[in-house]
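In what follows, a structure is listed as structure tokens, so that the remarks can point back to it.
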Amino acid sequence: MMTKMLEFISQGGYAGYVWSAYGMTMTLLFIETVGLRRGNRAILARLQRLLRLCNAGDKQ
Amino acid sequence: MFKVFWSVLHRDLLLAVRRRTDVLTTLVFFVIVVSLFPLGVGTERAVLRVLGPGVAWVAALLSSMLALERLFAADYEDGTLEQLLLTDQPLVLLTLAKIAAHWLLTGLPLVLIAPLVGMQYHLTDSAITVMMMSLLLGTPVLSLIGAIGAALTLGLRGGGILLALLILPLYIPVLVYGAGAVTVGAVALGEARLYLTLLAAFLVAALALAPFACAAALRISIE
Amino acid sequence: MFKVFWSVLHRDLLLAVRRRTDVLTTLVFFVIVVSLFPLGVGTERAVLRVLGPGVAWVAALLSSMLALERLFAADYEDGTLEQLLLTDQPLVLLTLAKIAAHWLLTGLPLVLIAPLVGMQYHLTDSAITVMMMSLLLGTPVLSLIGAIGAALTLGLRGGGILLALLILPLYIPVLVYGAGAVTVGAVALGEARLYLTLLAAFLVAALALAPFACAAALRISIE
Amino acid sequence: MTKPWSRFAAPASFYPLTGRLIPVFWVLAAAFILIALYWGFFETPDQLGGSNAQKGYYRIIFIHVGAAWMSMWLYAMLVAWAAVGLVFKTRLSFMMANAIAPTGAIFTFLALWTGAIWGRPSWGTYWDWDPRLTSELILFFLYIGYIALHSAIDDNRRADRAASLLAIVGLVMVPVIFWSINCPDPNQCAALHQRSGLRKVDGNILFAMLTMTLGFWMYSFATTLMRVRSMILTREAETAWVQDLVRAPERG
Amino acid sequence: MLQVAKLECRRGDRLLFCGLDFQIEAGTLLHVRGRNGSGKTTLLRILCGLFTQDDGEVRWKGESIRTLAEDFRRDLLYLGHLNGIKDDLTGVENLRLATTLDGDRVGRDALWAALRRIGLAGFEDLPTRMLSQGQKKRVALTRLILSRAPLWVLDEPFTALDLDAVNLLQELIATHVAAGGLAVLTTHQTVPLTSGQARHLDLGA
Amino acid sequence: MLQVAKLECRRGDRLLFCGLDFQIEAGTLLHVRGRNGSGKTTLLRILCGLFTQDDGEVRWKGESIRTLAEDFRRDLLYLGHLNGIKDDLTGVENLRLATTLDGDRVGRDALWAALRRIGLAGFEDLPTRMLSQGQKKRVALTRLILSRAPLWVLDEPFTALDLDAVNLLQELIATHVAAGGLAVLTTHQTVPLTSGQARHLDLGA
Ligand code: HEM
Ligand SMILES: Nc1ncnc2c1ncn2[C@@H]1O[C@H](COP(=O)(O)OP(=O)(O)OP(=O)(O)O)[C@@H](O)[C@H]1O
Ligand SMILES: Nc1ncnc2c1ncn2[C@@H]1O[C@H](COP(=O)(O)OP(=O)(O)OP(=O)(O)O)[C@@H](O)[C@H]1O
Ligand SMILES: [Mg+2]
Ligand SMILES: [Mg+2]
């Protein structure tokens, strides 16, 4: 099991190449996804805050 | 119609005469960039001969691009561009007049100074001839394409370098065939015919399309 | 005293954050210029290896210079420079802060991207290391010297290209030793030590003198 | 521009629609990519023999080819949306164009990155001025140019139109650029397809590659739509339907 | 003549005006008033077609200015915050260019006379770079003397002018309007002209 | 306090003024008047040390401003034609920087309060790029609220301002002068302030 894992990780001696390619790909895609989710939430939150401020202003 | 073309062209040339340095500086920039390379690369003749065409053309690209930055910017800042847009004349014509003036002031001088570059890089006579011809055909294309970029980046902070980013990739075909022509032309003039024909074709296409794109870009940018 | 230095530095960095593209464009300009040459010159490895150091340094010169154009220009146009001159703070300090911000935004990124250029031109690892070190020492000198030129050409039409004319010749020593270091460094790291020491000496001298010259130039230009 | 459907109705109905579509795309993207990864790593031979002999590092192919394809397809889509926007003056199409750009740039970068890494063991160098590589680099510059221009302009309307015009100019120039790089010597343009993309490859390899590409497609749909949603929210913040929408979670 | 229908405009995320309707006929002076930031400049630029509204339409002689395009621009003279003159050209050269582009043929003497009338005697052939703020503004305003366009759109034309110049400018506008022209202007200064027979349009900030 | 002796200045080949002598004490408002091009801006820039006269001297508290240099500049606040604010920074950020450079420490709340006082409530943290002409001018003028410099030099501060802002500005200047400050200003507009207790200096064109 362990050896199989290691064998897989070593990729026939080309681990550096294969994993840096896959690593960069997955990292970038991941970062983009997370960034988008964050951005979306931030915008919604800001709009909500604005709306609350607006409502507060009306009540005064 | 042509009255307007001439009066805009005349105005820009007159302005250049008032500030003579503008014309000179493009030229000198070209010469300086060309002269910098041997300092960075070393001065072996064989190397220089290979480098010559490429360096000359890259320098032409850069100096044309640098000068382009001011093509519409000055008019934009003092409000004359706004006024040009409000005249009842076709904007394409006005744009073309400005591009023409720009080429006369910055492209043509490069063609005339090309032999100097040829000498600096020990190019053969036929290579020098081809270089002049390729610059004559290629630099107007640079002005025409570049004008679109200049119109798009009008009034933006950091415009100069943004402009470079936008249009240098678009200049590549001219660079490849311009420098290619000179390299091939080093052997014999005739070899370069195909390259020069291609450059001429670029020129015709750019003349037909670029002014319209540029006028549209100006309308977008002035808002 | 340092409060003022920081607040000007902070302001300029903040402005850069507001327009993130400014930083990016300098960098991309550098990469584009570097990538143009093989298209013009041809793609033989042996030729590229000889060209590499020179091209990288010339591109660094050009992009540093292009970015310099806006160093004081924006402040001049909106009147904030006038106000800086009217504060009771030593102008040299303010100038130095502006130059420091400029280098952080345009010089440092070049150092970091240098390995990419090395790859494009098939340079050896030791050449790449030397290139990064030489850029680290050399680009601040470019910013410092260039700032004088930027101050002198402030508000002049066609300033960009005039600036090029004034300062590119002054950049030559940096270019020669910078590119020289890389060429020599291709063989072994140690060979380049002398060149790098010289660059360091330039840096010290420029740090000691340039801010004063620059402050004086600003006072002249603002009239 | 004055037609109501193009101004409000479209974003207003588009927003909830995408809200339902996006999860589907995410699930599909994850599924395809996972299948492709599994297939690529476990169902394919450990090395390629024969004419194009390659050791384990050939596995980069599964992302490399997909990313390279996506970079080009996305550029085409970007230009298409930009053109639609300029012609019909619909705001949504500008947003679509603008939303595609970052994803496209990422895939372009990935094609370059994975290609460079593959090049090291395969060709002994990270980079060479091969036409295909150079074209990809130029494509990257074009993406960056589009993004830089758009973000350098504050006024959204001007930014949309200026960047779209740039994309259209790109559409005209891109073939010329690529052709000039591919064929620097007009006397010998025959060498255009020196490396045909897919020669005889193992069916399993092909399957993994295509599945990965499909996954990338789904991923691109998802990210693009998400980005458009953010843009709609910021740009239409004042409209009644956005305000209702913002209020909704407050009540709930 | 000039008709504005259901005009709506927002900048940034602020609504400047919406449902703006008005119409002005020949021989009218319209004074657009409003606090700083109420959208006067924006409105004037929309009237000229330099800025695109979010909704509504501007019509000239019954047709949209977008479709009229050059025919509308022939009838228009706009002077904004920027003077629209080239610093390196002299007053005379600037004016000659402006009139040529407007499609008028104005003789040399007429140009000089116009500049003298606006109070720039002795400065006619200096590069305008060497003029003071108010003098530069005067060069730009000289176009009003020479123009035959029926519609004038003037954004704060009185700034930087001294008393003489303000009076002359008022006279010019009054004559233009009396002769059946239209003028739309903004100004924060109180000048007799605008408190007189002018129509007012108030933009709420 | 501020003393001008035998000042002479020529620009281009025109003599603007020569042998100009005057002196103003604490608590004075000096209104520099003159036609367009008479040299008001030039004089004000000389007073600040931004432009060099051809002859004569400007003295502050008895010493030449050239020798005082930074000590003079500490006492000075100049607002010219240009607003001197960064387009990309918000009003608050602009002010914070300006006050830091003036050597003052002003708290966040004071900055916001000052901006609100000048009528920019709601615009405090917008990039000033997005403001109208008059609003930009207001941001620049906010420095007057925060400044502690005794000498104010203001070149046409009333342009582009609406009525409210003009009144506020007059009040600010009046308070400053009443508290023993000095103010030198130019304006072509007639405002009560300048027709009141002000001293006048007429430059002949
Ligand atoms: C237009 C963009 C590109 C496309 C469509 C593309 C497509 C492909 C395809 C289909 C293959 C596998 C089949 C073959 O070997 O021909 C491949 C292989 C490869 N690609 Fe790319 N690629 C692109 C860009 C790049 C870039 C930018 C690089 C390097 C920076 C690169 C480096 C490689 C390498 C090293 C191989 C392995 C070739 C071998 O040794 O057999 N490619 N590419
Ligand atoms: N850069 C310059 N070069 C040469 N002469 C100049 C320059 N700038 C201004 N002048 C001249 O100096 C004179 C005074 O200009 P200044 O700007 O001081 O006038 P001003 O009184 O402020 O006028 P305004 O009321 O129009 O603002 C003018 O006659 C002008 O022609
Ligand atoms: N470039 C811009 N981006 C976003 N908003 C802007 C921009 N320019 C102006 N605005 C906003 O539009 C509104 C109207 O500006 P406009 O210049 O039309 O005002 P104005 O009535 O001419 O004011 P003033 O009397 O100060 O000249 C202002 O509230 C301003 O904040
Ligand atoms: Mg206004
Ligand atoms: Mg003045």
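Letters A, B, ... go to the chains of the structure tokens in the order shown; residues in each chain start at 1; ligands are counted from 1 in the same order.
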
Taking 5 positions as the minimum chain separation for residues in the same chain, which residues sit within 10 Å of segment 32-41 of chain A when counting only C-alpha atoms? Answer as a list in words. Met26, Thr27, Arg46 and Leu47 of chain A; Pro102, Thr103, Ile106, Tyr219, Ala222, Thr223, Thr224, Met226, Arg227, Val228, Arg229, Ser230, Met231, Leu233 and Thr234 of chain D

Taking only C-alpha atoms into account, what are the residues of chain E at most 10 Å from chain B, put as number ranges by chain? E: 45-46, 48-52, 69-89, 93-94, 96-103, 127

Find the residues near ligand 2. Use a cut-off of 10 Å, count only C-alpha atoms and all ligand atoms, and write them as an MDAnalysis selection string. (chainID C and resid 223) or (chainID E and resid 120 122:123 126:138 159:162) or (chainID F and resid 9:17 32:46 81 155:156 186:188 203:205)

Using the selection just defined, write its residues with N, CA and C atoms as a short mmCIF file (atom, residue, chain, number, x, y, z; two decimals), in the first residue's frame.
data_model
loop_
_atom_site.label_atom_id
_atom_site.label_comp_id
_atom_site.auth_asym_id
_atom_site.auth_seq_id
_atom_site.Cartn_x
_atom_site.Cartn_y
_atom_site.Cartn_z
N GLU C 223 8.32 76.72 -11.70
CA GLU C 223 8.09 78.16 -11.91
C GLU C 223 7.08 78.44 -13.01
N LEU E 120 -8.38 91.65 -26.74
CA LEU E 120 -7.05 91.05 -26.79
C LEU E 120 -6.13 91.80 -27.75
N GLY E 122 -3.21 93.48 -29.18
CA GLY E 122 -1.81 93.38 -28.76
C GLY E 122 -1.42 91.97 -28.39
N PHE E 123 -2.40 91.09 -28.21
CA PHE E 123 -2.07 89.70 -27.87
C PHE E 123 -2.44 88.74 -29.00
N LEU E 126 0.38 86.27 -30.10
CA LEU E 126 1.20 85.57 -29.10
C LEU E 126 0.67 84.14 -28.97
N PRO E 127 1.56 83.19 -28.77
CA PRO E 127 1.07 81.84 -28.45
C PRO E 127 0.18 81.95 -27.21
N THR E 128 -0.95 81.26 -27.22
CA THR E 128 -1.87 81.46 -26.11
C THR E 128 -1.30 80.94 -24.80
N ARG E 129 -0.26 80.13 -24.89
CA ARG E 129 0.44 79.69 -23.68
C ARG E 129 0.85 80.86 -22.80
N MET E 130 1.14 81.98 -23.46
CA MET E 130 1.65 83.13 -22.71
C MET E 130 0.55 84.03 -22.18
N LEU E 131 -0.68 83.59 -22.27
CA LEU E 131 -1.76 84.45 -21.80
C LEU E 131 -2.19 84.05 -20.40
N SER E 132 -2.82 84.99 -19.71
CA SER E 132 -3.34 84.66 -18.38
C SER E 132 -4.61 83.84 -18.54
N GLN E 133 -5.08 83.29 -17.42
CA GLN E 133 -6.28 82.46 -17.45
C GLN E 133 -7.45 83.14 -18.15
N GLY E 134 -7.71 84.38 -17.75
CA GLY E 134 -8.85 85.08 -18.32
C GLY E 134 -8.65 85.38 -19.79
N GLN E 135 -7.42 85.64 -20.18
CA GLN E 135 -7.16 85.93 -21.59
C GLN E 135 -7.37 84.70 -22.45
N LYS E 136 -6.98 83.54 -21.91
CA LYS E 136 -7.21 82.30 -22.66
C LYS E 136 -8.70 82.09 -22.87
N LYS E 137 -9.44 82.30 -21.80
CA LYS E 137 -10.89 82.15 -21.89
C LYS E 137 -11.44 83.10 -22.96
N ARG E 138 -10.90 84.28 -23.01
CA ARG E 138 -11.37 85.24 -24.01
C ARG E 138 -11.15 84.72 -25.42
N THR E 159 -16.58 82.42 -15.77
CA THR E 159 -15.46 82.27 -14.84
C THR E 159 -14.20 82.87 -15.43
N ALA E 160 -13.37 83.39 -14.55
CA ALA E 160 -12.05 83.91 -14.89
C ALA E 160 -12.10 85.21 -15.67
N LEU E 161 -13.29 85.70 -16.03
CA LEU E 161 -13.36 86.94 -16.80
C LEU E 161 -13.46 88.14 -15.87
N ASP E 162 -12.86 89.24 -16.30
CA ASP E 162 -13.02 90.46 -15.52
C ASP E 162 -14.31 91.17 -15.93
N CYS F 9 8.31 92.81 -12.02
CA CYS F 9 8.17 91.54 -12.71
C CYS F 9 7.79 91.76 -14.15
N ARG F 10 8.43 91.05 -15.03
CA ARG F 10 8.04 91.07 -16.44
C ARG F 10 7.86 89.65 -16.93
N ARG F 11 6.88 89.48 -17.79
CA ARG F 11 6.68 88.14 -18.36
C ARG F 11 6.63 88.30 -19.86
N GLY F 12 7.27 87.39 -20.57
CA GLY F 12 7.41 87.60 -22.01
C GLY F 12 8.19 88.89 -22.13
N ASP F 13 7.71 89.85 -22.93
CA ASP F 13 8.42 91.13 -22.96
C ASP F 13 7.54 92.25 -22.43
N ARG F 14 6.56 91.87 -21.60
CA ARG F 14 5.71 92.91 -21.03
C ARG F 14 6.08 93.12 -19.57
N LEU F 15 6.11 94.38 -19.20
CA LEU F 15 6.36 94.69 -17.80
C LEU F 15 5.03 94.61 -17.06
N LEU F 16 4.92 93.76 -16.08
CA LEU F 16 3.65 93.62 -15.38
C LEU F 16 3.51 94.69 -14.30
N PHE F 17 4.52 94.78 -13.45
CA PHE F 17 4.53 95.85 -12.47
C PHE F 17 5.97 96.15 -12.11
N VAL F 32 -6.48 91.66 -4.28
CA VAL F 32 -5.71 92.11 -5.43
C VAL F 32 -6.65 92.16 -6.62
N ARG F 33 -6.78 93.34 -7.20
CA ARG F 33 -7.70 93.48 -8.32
C ARG F 33 -6.97 93.83 -9.60
N GLY F 34 -7.63 93.66 -10.70
CA GLY F 34 -7.01 94.03 -11.96
C GLY F 34 -7.66 93.29 -13.10
N ARG F 35 -7.46 93.80 -14.29
CA ARG F 35 -8.07 93.19 -15.46
C ARG F 35 -7.44 91.83 -15.74
N ASN F 36 -8.03 91.11 -16.65
CA ASN F 36 -7.41 89.85 -17.07
C ASN F 36 -6.02 90.14 -17.62
N GLY F 37 -5.06 89.42 -17.11
CA GLY F 37 -3.71 89.58 -17.63
C GLY F 37 -2.94 90.69 -16.96
N SER F 38 -3.47 91.23 -15.86
CA SER F 38 -2.73 92.33 -15.24
C SER F 38 -1.66 91.82 -14.31
N GLY F 39 -1.64 90.56 -14.03
CA GLY F 39 -0.53 90.02 -13.26
C GLY F 39 -0.88 89.59 -11.84
N LYS F 40 -2.16 89.37 -11.58
CA LYS F 40 -2.56 88.98 -10.23
C LYS F 40 -1.99 87.61 -9.86
N THR F 41 -2.22 86.64 -10.73
CA THR F 41 -1.71 85.31 -10.44
C THR F 41 -0.19 85.34 -10.26
N THR F 42 0.46 86.06 -11.13
CA THR F 42 1.91 86.16 -11.04
C THR F 42 2.33 86.73 -9.69
N LEU F 43 1.66 87.80 -9.26
CA LEU F 43 2.01 88.41 -7.98
C LEU F 43 1.82 87.40 -6.84
N LEU F 44 0.70 86.71 -6.86
CA LEU F 44 0.43 85.76 -5.78
C LEU F 44 1.48 84.65 -5.74
N ARG F 45 1.88 84.20 -6.89
CA ARG F 45 2.90 83.14 -6.92
C ARG F 45 4.24 83.67 -6.45
N ILE F 46 4.51 84.93 -6.70
CA ILE F 46 5.75 85.52 -6.18
C ILE F 46 5.68 85.57 -4.65
N HIS F 81 -5.03 78.01 -8.99
CA HIS F 81 -6.02 77.57 -9.97
C HIS F 81 -6.22 76.06 -9.90
N ASP F 155 -6.00 82.21 -4.89
CA ASP F 155 -6.16 82.73 -6.25
C ASP F 155 -7.54 82.33 -6.78
N GLU F 156 -8.41 83.28 -6.91
CA GLU F 156 -9.78 83.05 -7.38
C GLU F 156 -10.45 81.86 -6.69
N THR F 186 -7.54 87.03 -4.88
CA THR F 186 -8.02 87.68 -6.10
C THR F 186 -9.38 87.09 -6.40
N THR F 187 -10.22 87.90 -7.00
CA THR F 187 -11.46 87.36 -7.53
C THR F 187 -12.08 88.41 -8.43
N HIS F 188 -12.74 87.96 -9.48
CA HIS F 188 -13.44 88.89 -10.35
C HIS F 188 -14.90 89.03 -9.94
N LEU F 203 -3.86 96.35 -9.76
CA LEU F 203 -2.78 96.19 -10.74
C LEU F 203 -3.32 96.70 -12.06
N GLY F 204 -2.60 97.61 -12.69
CA GLY F 204 -3.06 98.13 -13.98
C GLY F 204 -2.63 97.21 -15.08
N ALA F 205 -3.53 96.91 -15.98
CA ALA F 205 -3.18 96.00 -17.07
C ALA F 205 -2.36 96.75 -18.11
#

Based on DSSP run over this structure's backbone, return all residues of segment 106-159 of chain F in strand (DSSP E), as a PyMOL selection string. chain F and resi 151-155

Would you put the residues from that selection into a file with N, CA, C and O atoms, as a CSV table (one decimal), in the first residue's frame?
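Writing done, so here's selection-v7.csv:
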chain,number,residue,atom,x,y,z
F,151,LEU,N,-1.0,82.9,7.1
F,151,LEU,CA,-1.1,83.6,5.9
F,151,LEU,C,-1.8,82.8,4.8
F,151,LEU,O,-1.3,81.7,4.5
F,152,TRP,N,-2.9,83.3,4.3
F,152,TRP,CA,-3.6,82.6,3.3
F,152,TRP,C,-3.4,83.3,2.0
F,152,TRP,O,-3.7,84.5,1.9
F,153,VAL,N,-3.0,82.6,0.9
F,153,VAL,CA,-3.0,83.2,-0.4
F,153,VAL,C,-3.9,82.4,-1.3
F,153,VAL,O,-3.7,81.3,-1.5
F,154,LEU,N,-5.0,83.1,-1.8
F,154,LEU,CA,-6.0,82.4,-2.5
F,154,LEU,C,-6.2,83.0,-3.9
F,154,LEU,O,-6.6,84.2,-4.0
F,155,ASP,N,-6.0,82.2,-4.9
F,155,ASP,CA,-6.2,82.7,-6.3
F,155,ASP,C,-7.5,82.3,-6.8
F,155,ASP,O,-7.8,81.2,-7.1

I need the contact residues of chain C against chain D, so if you could list those with any atom within 12 Å, counting only C-alpha atoms, and return them as JSON, numbers by chain, that would help. {"C": [16, 18, 19, 20, 21, 22, 23, 24, 25, 26, 27, 28, 29, 30, 31, 32, 33, 35, 36, 37, 38, 39, 40, 41, 42, 43, 44, 45, 48, 115, 116, 117, 118, 119, 120, 121, 122, 123, 124]}

Quick one: residues within 8 Å of segment 133-146 of chain B, only C-alpha atoms counted, chain neighbours fewer than 6 positions away excluded, as a VMD selection string? chain B and resid 60 to 61 64 to 65 68 99 102 to 103 107 to 108 110 to 111 167 170 to 171 174 178 181 to 182 196 199 to 200 202 to 203 206 to 207 210 to 211

May I have the selected residues written with N, CA and C atoms, as a PDB file, in the first residue's frame?
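Final output, result-v3.pdb:
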ATOM      1  N   ALA B  60      12.219  50.849 -34.138  1.00  0.00           N
ATOM      2  CA  ALA B  60      11.189  51.603 -34.865  1.00  0.00           C
ATOM      3  C   ALA B  60       9.834  51.423 -34.195  1.00  0.00           C
ATOM      4  N   LEU B  61       9.536  50.195 -33.836  1.00  0.00           N
ATOM      5  CA  LEU B  61       8.281  49.915 -33.131  1.00  0.00           C
ATOM      6  C   LEU B  61       8.174  50.768 -31.876  1.00  0.00           C
ATOM      7  N   SER B  64       7.935  54.614 -32.583  1.00  0.00           N
ATOM      8  CA  SER B  64       6.623  54.962 -33.121  1.00  0.00           C
ATOM      9  C   SER B  64       5.580  54.934 -32.012  1.00  0.00           C
ATOM     10  N   MET B  65       5.687  53.906 -31.181  1.00  0.00           N
ATOM     11  CA  MET B  65       4.706  53.746 -30.115  1.00  0.00           C
ATOM     12  C   MET B  65       4.789  54.881 -29.093  1.00  0.00           C
ATOM     13  N   LEU B  68       3.259  57.943 -30.374  1.00  0.00           N
ATOM     14  CA  LEU B  68       1.809  57.816 -30.504  1.00  0.00           C
ATOM     15  C   LEU B  68       1.070  58.277 -29.272  1.00  0.00           C
ATOM     16  N   ILE B  99      -3.403  61.197 -38.264  1.00  0.00           N
ATOM     17  CA  ILE B  99      -2.467  60.085 -38.421  1.00  0.00           C
ATOM     18  C   ILE B  99      -1.427  60.416 -39.484  1.00  0.00           C
ATOM     19  N   HIS B 102       1.080  62.644 -38.125  1.00  0.00           N
ATOM     20  CA  HIS B 102       1.931  61.904 -37.199  1.00  0.00           C
ATOM     21  C   HIS B 102       2.984  61.094 -37.947  1.00  0.00           C
ATOM     22  N   TRP B 103       2.566  60.452 -39.024  1.00  0.00           N
ATOM     23  CA  TRP B 103       3.531  59.641 -39.752  1.00  0.00           C
ATOM     24  C   TRP B 103       4.600  60.520 -40.383  1.00  0.00           C
ATOM     25  N   GLY B 107       7.345  58.860 -38.646  1.00  0.00           N
ATOM     26  CA  GLY B 107       7.682  57.666 -39.412  1.00  0.00           C
ATOM     27  C   GLY B 107       8.708  57.963 -40.493  1.00  0.00           C
ATOM     28  N   LEU B 108       8.413  58.990 -41.245  1.00  0.00           N
ATOM     29  CA  LEU B 108       9.284  59.338 -42.360  1.00  0.00           C
ATOM     30  C   LEU B 108      10.732  59.579 -41.930  1.00  0.00           C
ATOM     31  N   LEU B 110      12.381  58.199 -39.667  1.00  0.00           N
ATOM     32  CA  LEU B 110      13.045  56.916 -39.425  1.00  0.00           C
ATOM     33  C   LEU B 110      13.530  56.312 -40.739  1.00  0.00           C
ATOM     34  N   VAL B 111      12.688  56.411 -41.762  1.00  0.00           N
ATOM     35  CA  VAL B 111      13.086  55.895 -43.068  1.00  0.00           C
ATOM     36  C   VAL B 111      14.374  56.571 -43.518  1.00  0.00           C
ATOM     37  N   ILE B 167      -0.709  47.691 -27.952  1.00  0.00           N
ATOM     38  CA  ILE B 167      -0.429  47.645 -29.382  1.00  0.00           C
ATOM     39  C   ILE B 167       0.829  46.914 -29.773  1.00  0.00           C
ATOM     40  N   LEU B 170       0.087  43.800 -31.427  1.00  0.00           N
ATOM     41  CA  LEU B 170      -0.515  43.971 -32.747  1.00  0.00           C
ATOM     42  C   LEU B 170       0.523  44.344 -33.804  1.00  0.00           C
ATOM     43  N   TYR B 171       1.644  44.834 -33.359  1.00  0.00           N
ATOM     44  CA  TYR B 171       2.709  45.233 -34.291  1.00  0.00           C
ATOM     45  C   TYR B 171       3.492  44.041 -34.820  1.00  0.00           C
ATOM     46  N   VAL B 174       4.101  43.209 -38.607  1.00  0.00           N
ATOM     47  CA  VAL B 174       4.967  44.173 -39.282  1.00  0.00           C
ATOM     48  C   VAL B 174       6.423  43.919 -38.903  1.00  0.00           C
ATOM     49  N   GLY B 178       8.958  42.933 -41.603  1.00  0.00           N
ATOM     50  CA  GLY B 178       9.927  44.005 -41.803  1.00  0.00           C
ATOM     51  C   GLY B 178      11.339  43.507 -41.574  1.00  0.00           C
ATOM     52  N   ALA B 181      12.371  40.874 -44.113  1.00  0.00           N
ATOM     53  CA  ALA B 181      12.769  41.427 -45.405  1.00  0.00           C
ATOM     54  C   ALA B 181      14.220  41.849 -45.378  1.00  0.00           C
ATOM     55  N   VAL B 182      14.608  42.532 -44.324  1.00  0.00           N
ATOM     56  CA  VAL B 182      15.982  43.035 -44.275  1.00  0.00           C
ATOM     57  C   VAL B 182      16.971  41.875 -44.197  1.00  0.00           C
ATOM     58  N   LEU B 196       8.132  42.418 -48.993  1.00  0.00           N
ATOM     59  CA  LEU B 196       7.692  43.805 -49.178  1.00  0.00           C
ATOM     60  C   LEU B 196       6.262  43.851 -49.702  1.00  0.00           C
ATOM     61  N   LEU B 199       4.054  43.484 -46.806  1.00  0.00           N
ATOM     62  CA  LEU B 199       3.961  44.728 -46.036  1.00  0.00           C
ATOM     63  C   LEU B 199       3.026  45.715 -46.723  1.00  0.00           C
ATOM     64  N   ALA B 200       3.133  45.781 -48.051  1.00  0.00           N
ATOM     65  CA  ALA B 200       2.262  46.692 -48.788  1.00  0.00           C
ATOM     66  C   ALA B 200       0.804  46.296 -48.599  1.00  0.00           C
ATOM     67  N   PHE B 202      -0.450  44.787 -45.994  1.00  0.00           N
ATOM     68  CA  PHE B 202      -0.822  45.249 -44.652  1.00  0.00           C
ATOM     69  C   PHE B 202      -1.208  46.719 -44.694  1.00  0.00           C
ATOM     70  N   LEU B 203      -0.391  47.486 -45.405  1.00  0.00           N
ATOM     71  CA  LEU B 203      -0.612  48.928 -45.442  1.00  0.00           C
ATOM     72  C   LEU B 203      -1.981  49.247 -46.025  1.00  0.00           C
ATOM     73  N   ALA B 206      -4.660  48.291 -43.554  1.00  0.00           N
ATOM     74  CA  ALA B 206      -4.707  49.198 -42.407  1.00  0.00           C
ATOM     75  C   ALA B 206      -5.318  50.536 -42.805  1.00  0.00           C
ATOM     76  N   LEU B 207      -4.960  51.018 -43.985  1.00  0.00           N
ATOM     77  CA  LEU B 207      -5.513  52.291 -44.445  1.00  0.00           C
ATOM     78  C   LEU B 207      -7.027  52.208 -44.576  1.00  0.00           C
ATOM     79  N   ALA B 210      -8.266  50.952 -40.304  1.00  0.00           N
ATOM     80  CA  ALA B 210      -7.864  51.576 -39.046  1.00  0.00           C
ATOM     81  C   ALA B 210      -8.543  52.921 -38.774  1.00  0.00           C
ATOM     82  N   PRO B 211      -8.652  53.820 -39.761  1.00  0.00           N
ATOM     83  CA  PRO B 211      -9.270  55.109 -39.428  1.00  0.00           C
ATOM     84  C   PRO B 211     -10.678  54.975 -38.859  1.00  0.00           C
TER      85      PRO B 211
END

Once chain E is fitted onto chain F over all Cα atoms in order, please give the RMSD. 0.1 Å

For atom CA of Leu110 of chain D and atom CA of Met70 of chain D, the interatomic separation in Å (one decimal):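 Between atom CA of Leu110 of chain D and atom CA of Met70 of chain D the gap is 10.1 Å.
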
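In this comparison, which uses only C-alpha atoms, the residue of D:Ala237, D:Met173, D:Ile22, D:Ala82 approaching chain E most closely is D:Ala237.
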
Just how far from atom CA of Asp55 of chain E is atom 4 (C, counted along the ligand's line) of ligand 3, in Å to one decimal?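 Calculated distance between atom 4 (C, counted along the ligand's line) of ligand 3 and atom CA of Asp55 of chain E is 17.0 Å.
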
Segment 26-73 of chain D: which residues are alpha helix (DSSP H) by DSSP, as a PyMOL selection string? chain D and resi 26-42+61-73

Within 7 Å of ligand 1 (only C-alpha atoms and all ligand atoms), residues as a ChimeraX atom specification: /D:52,61,64-65,68-69,111-116,118-119,122-123,126-127,132-137,195-198

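Proximity to ligand 3 was assessed for E:Gln189, E:Leu111, E:Glu171, E:Ser195 counting only C-alpha atoms and all ligand atoms; the smallest distance is recorded for E:Gln189.
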
Please list as an MDAnalysis selection string every residue within 7 Å of Ala150 of chain C, counting only C-alpha atoms and excluding residues in the same chain fewer than 6 positions away. chainID C and resid 68:69 71:72 163
